[in-house]
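*Asks:* Before we start, here is the structure in question, set down as structure tokens.
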Amino acid sequence: MIIRHDNLIGGQWRPGFSYTANVNPSDLNDVIGEYAQADTGQVHEAIEAAQAASSAWAISGIQVRADALDKIGNEILVRREELGTLLAREEGKTKAEGIGEAVRAGNIFKFFAAECLRMNGETIPSVRPGITVEVTREPVGVVGIITPWNFPIAIPAWKVAPALAYGNCVVLKPAELVPGCAWALAEIISRSGIPAGVFNLVMGSGRIVGDGIVNHPGINAISFTGSQGVGAQIALSCANNLKKVQLEMGGKNPQIILDDADLNIAVELSVQSAFYSTGQRCTASSRLIVTEGIYQRFIEATIARMSKITVGHALTAGTDIGPVSSKSQLDQDLNYVDIAKSEGGRLQTGGERVKLATDGFYMAPALFTDTTTAMRINREEVFGPVASVIRVKDYEEALAIANDTPFGLSAGIATTSLKYASHFKRHSQAGMVMVNLPTAGVDYHVPFGGRKGSSYGPREQGTYAREFFTTVKTAYTLP
Ligand code: UN1
């Protein structure tokens with residue numbers, strides 16, 4: 001029997017005007033459940049419920065908020081196996097990756113539970129005698145949160161937890177492709193002691209639910225992770241309506257490998273961040289920039305390492321890489337393989353659809369060599385298990401090419417040289433820089449975000465999340 005999952009609006013579970021099936025990309029015959037689609041009227045009701053709950057929640061006690069967030073975090077951690085399995089089933093990352101992501105989500109709630117108790121401000125003497133100035137933080141109000149399909153629980157967690165911690169009400173729209181984890185999170189939140197209307201879940205399409213949230217005057221701020229095209233449209237709408245906005249978008253992240261790198265480390269971190277999670281991370285390394293002296297050894301060792309990767313059903317033990325998440329994403333990945341070939345890239349391995357026992361969107365990870373920085377394969381985000389190698393003379397050329405991109409999220413260097421590592425940390429034009437570590441896979445308690453076309457607005461995560469989810473008040477007192 002297929003179970004139906006409803007929207008959460010003002011503390012009530014509300015049927016959708018229609019339902020969509022959540023299908024397992026590892027096995028298209030496996031339907032996880034049916035999930036409600038909200039219409040515009042329900043989106044408006046959710047926003048109105050959040051508005052109605054907003055003034056009481058804004059001044060709610062910090063212990064109440066801390067306890068609720070801690071309870072949510074604990075439940076996610078206790079249910080990590082079950083939630084990680086659901087995640088792998090609906091998104092296609094491996095079960096181990098799914099459990100890891102559930103743990104990250106639980107830890108994020110516990111981090112922001114503690115942040116509730118650190119709502120400190122400043123007291124500053126006035127330049128006018130006898131007057132004091134206090135600088136405090138207040139909630140922004142009602143925040144619209146729009147999340148992507150590639151991190152079905154961690155990204156909702158890292159936007160919802162700070163929103164609630166700092167006293168905001170939330171309307172969450174998860175990606176249409178992966179409503180399961182977001183619904184499970186909403187169900188946990190609904191039992192956490194947070195008052196009705198403070199958190200609302202509306203599932204459905206970007207066109208109806210996403211636009212309905214972005215364009216509604218009752219929304220004070222939008223936090224979005226997704227594509228650059230949609231991000232730019234949201235920014236325009238927010239500018240027109242003077243809403244606060246925070247966007248996390250794509251990447252074309254460079255991984256430099258220098259002659260002096262430890263070869264094993266360089267190969268392992270490149271393979272990990274290019275292909276694991278099926279390459280479906282905005283932090284994935286998609287450009288491997290390799291200096292001449294190590295080039296041949298690196299290519300041979302990488303191809304050998306890739307031959308040991310098992311592409312399989314996300315829930316099968318021994319699978320390293322699950323399927324691509326959807327048909328349209330698979331088509332995009334295969335299309336970029338064709339583009340790279342037609343541009344003159346040499347396909348060393350992979351790049352084709354793989355048939356397995358279950359009907360899923362499986363693809364062999366692809367490695368291209370002989371590519372240049374001007375090619376589309378090195379300028380546009382593929383968002384799949386596709387990496388291209390650019391051969392360079394030395395560190396200086398590697399740095400210039402690493403920075404020659406419209407994106408600027410994460411950037412890595414594999415080197416044993418302190419000089420080059422230090423120089424790269426300073427001169428990389430990315431928001432996050434990794435030395436001898438994969439570009440993907442970040443900590444949950446420090447700022448996350450990029451530069452150029454990758455991010456827009458204040459950083460996410462850690463204490464830096466406060467900047468977006470609060471507004472500053474400066475109060476003057478003459479006693
Ligand atoms: C990570 O690499 O640990 O959508 C996180 C994404 C990013 C998250 C990456 N916002 O892929």
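Each chain in the structure tokens gets a letter, A, B and so on, in the order shown; residues start at 1 in every chain, and ligands are counted from 1 in the order they appear.
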As JSON, numbers by chain, please: the residues near Gln348 of chain A (cut-off 8 Å, only C-alpha atoms, same-chain neighbours under 2 positions excluded).
*Replies:* {"A": [303, 346, 350, 366, 367, 368, 369]}
*Asks:* Taking only C-alpha atoms and all ligand atoms and a cut-off of 6 Å, can you tell me which residues surround ligand 1, written as a list in words?
*Replies:*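 Using only C-alpha atoms and all ligand atoms, everything at most 6 Å from ligand 1 comes to Arg281, Cys282, Thr283, Ala440, Gly441 and Val442 of chain A.
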*Asks:* Could you list, as a ChimeraX atom specification, every residue within 8 Å of Gly351 of chain A, counting only C-alpha atoms and ignoring same-chain residues fewer than 3 positions away?
*Replies:* /A:334,337,347,363-367,386
*Asks:* Pick from A:Val389, A:Val143, A:Ala175, A:Ala414: nearest to Pro217 of chain A, with only C-alpha atoms counted?
*Replies:*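 Answer, going by the shortest atom-to-atom distance: A:Val143.
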*Asks:* Do you know which residues are at most 10 Å from Ala182 of chain A counting only C-alpha atoms, after dropping those on the same chain fewer than 5 positions away, and could you put them as a list in words?
*Replies:*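 Within the cut-off, the hits are Leu87, Thr147, Pro152, Ile153, Ala154, Ile155, Pro156, Ala157, Leu172, Lys173, Pro174, Ala175, Glu187, Ile188, Leu201, Val202 and Met203 of chain A.
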*Asks:* Export, as a compact mmCIF listing (two decimals), in the first residue's frame, the selected residues with C-alpha atoms.
*Replies:*
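This went into part_25.txt:
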```txt
# COMPACT_ATOMS: atom_id res chain seq x y z
CA LEU A 87 17.51 9.37 2.07
CA THR A 147 15.96 23.42 -0.78
CA PRO A 152 17.45 16.04 1.23
CA ILE A 153 17.93 16.38 5.00
CA ALA A 154 21.16 18.32 5.66
CA ILE A 155 20.26 21.42 3.67
CA PRO A 156 16.73 21.72 5.13
CA ALA A 157 18.40 21.27 8.54
CA LEU A 172 9.79 25.14 3.84
CA LYS A 173 9.49 23.99 0.24
CA PRO A 174 11.69 20.94 -0.36
CA ALA A 175 12.74 19.80 -3.84
CA GLU A 187 6.95 15.32 11.39
CA ILE A 188 9.76 15.38 13.97
CA LEU A 201 5.90 22.40 5.11
CA VAL A 202 4.49 22.92 1.63
CA MET A 203 5.52 20.40 -1.01
```
*Asks:* Would you list the contacts of Ser273 of chain A as an mmCIF file with N, CA, C and O atoms, in the first residue's frame, taking every protein, DNA or RNA residue within 7 Å and counting only C-alpha atoms, but skipping same-chain residues closer than 3 positions in sequence?
*Replies:*
```
data_model
loop_
_atom_site.group_PDB
_atom_site.id
_atom_site.type_symbol
_atom_site.label_atom_id
_atom_site.label_comp_id
_atom_site.auth_asym_id
_atom_site.auth_seq_id
_atom_site.Cartn_x
_atom_site.Cartn_y
_atom_site.Cartn_z
ATOM 1 N N LEU A 269 41.622 11.876 -2.912
ATOM 2 C CA LEU A 269 40.735 13.024 -2.692
ATOM 3 C C LEU A 269 40.081 13.486 -3.994
ATOM 4 O O LEU A 269 38.940 13.956 -3.988
ATOM 5 N N SER A 270 40.768 13.311 -5.110
ATOM 6 C CA SER A 270 40.160 13.710 -6.394
ATOM 7 C C SER A 270 38.988 12.791 -6.723
ATOM 8 O O SER A 270 37.903 13.259 -7.112
ATOM 9 N N TYR A 276 32.080 10.639 -5.753
ATOM 10 C CA TYR A 276 31.219 10.119 -4.689
ATOM 11 C C TYR A 276 29.979 11.001 -4.558
ATOM 12 O O TYR A 276 29.968 12.136 -5.051
ATOM 13 N N ALA A 284 31.573 19.494 -5.448
ATOM 14 C CA ALA A 284 32.349 18.440 -6.135
ATOM 15 C C ALA A 284 33.516 19.051 -6.921
ATOM 16 O O ALA A 284 33.415 20.161 -7.445
ATOM 17 N N SER A 285 34.620 18.308 -7.025
ATOM 18 C CA SER A 285 35.738 18.759 -7.867
ATOM 19 C C SER A 285 35.428 18.310 -9.286
ATOM 20 O O SER A 285 35.358 17.121 -9.558
ATOM 21 N N PRO A 438 39.467 16.777 0.128
ATOM 22 C CA PRO A 438 38.517 16.930 -0.975
ATOM 23 C C PRO A 438 37.820 18.299 -0.928
ATOM 24 O O PRO A 438 37.614 18.847 0.165
ATOM 25 N N THR A 439 37.428 18.814 -2.088
ATOM 26 C CA THR A 439 36.685 20.091 -2.099
ATOM 27 C C THR A 439 35.283 19.914 -1.512
ATOM 28 O O THR A 439 34.663 20.879 -1.086
ATOM 29 N N ALA A 440 34.756 18.686 -1.537
ATOM 30 C CA ALA A 440 33.421 18.411 -1.000
ATOM 31 C C ALA A 440 33.549 17.768 0.380
ATOM 32 O O ALA A 440 34.551 17.130 0.684
#
```
*Asks:* Please report, as a Markdown table, each residue of segment 184-211 of chain A lying at most 8 Å from segment 48-57 of chain A, together with the nearest pair of atoms and the separation in Å rounded to one decimal; use only C-alpha atoms, and order rows by chain and ascending residue number.
*Replies:*
```
| residue | atom | partner | partner_atom | distance |
| --- | --- | --- | --- | --- |
| A:Pro195 | CA | A:Ala53 | CA | 7.7 |
| A:Ala196 | CA | A:Ala53 | CA | 7.3 |
| A:Gly197 | CA | A:Ala50 | CA | 4.9 |
| A:Val198 | CA | A:Ala50 | CA | 5.4 |
| A:Phe199 | CA | A:Ala50 | CA | 7.0 |
| A:Asn200 | CA | A:Ala50 | CA | 7.2 |
```
*Asks:* Excluding same-chain residues fewer than 5 positions from Lys159 of chain A, what lies within 8 Å of it counting only C-alpha atoms, as JSON, numbers by chain?
*Replies:* {"A": [145, 223, 460, 461]}
*Asks:* Keeping only N, CA, C and O atoms, write the selected residues as a PDB file, in the first residue's frame.
*Replies:*
```pdb
ATOM      1  N   ILE A 145      12.042  29.024   2.817  1.00  0.00           N
ATOM      2  CA  ILE A 145      13.237  28.189   2.623  1.00  0.00           C
ATOM      3  C   ILE A 145      12.980  27.230   1.464  1.00  0.00           C
ATOM      4  O   ILE A 145      12.008  26.470   1.489  1.00  0.00           O
ATOM      5  N   SER A 223      15.796  31.989   1.774  1.00  0.00           N
ATOM      6  CA  SER A 223      17.064  31.269   1.709  1.00  0.00           C
ATOM      7  C   SER A 223      16.891  30.136   0.710  1.00  0.00           C
ATOM      8  O   SER A 223      15.995  29.305   0.843  1.00  0.00           O
ATOM      9  N   GLU A 460      26.054  30.855   5.168  1.00  0.00           N
ATOM     10  CA  GLU A 460      25.251  29.908   5.929  1.00  0.00           C
ATOM     11  C   GLU A 460      26.132  29.234   6.965  1.00  0.00           C
ATOM     12  O   GLU A 460      27.344  29.199   6.843  1.00  0.00           O
ATOM     13  N   GLN A 461      25.507  28.630   7.936  1.00  0.00           N
ATOM     14  CA  GLN A 461      26.108  27.699   8.911  1.00  0.00           C
ATOM     15  C   GLN A 461      27.023  28.358   9.949  1.00  0.00           C
ATOM     16  O   GLN A 461      27.564  29.431   9.745  1.00  0.00           O
TER      17      GLN A 461
END
```
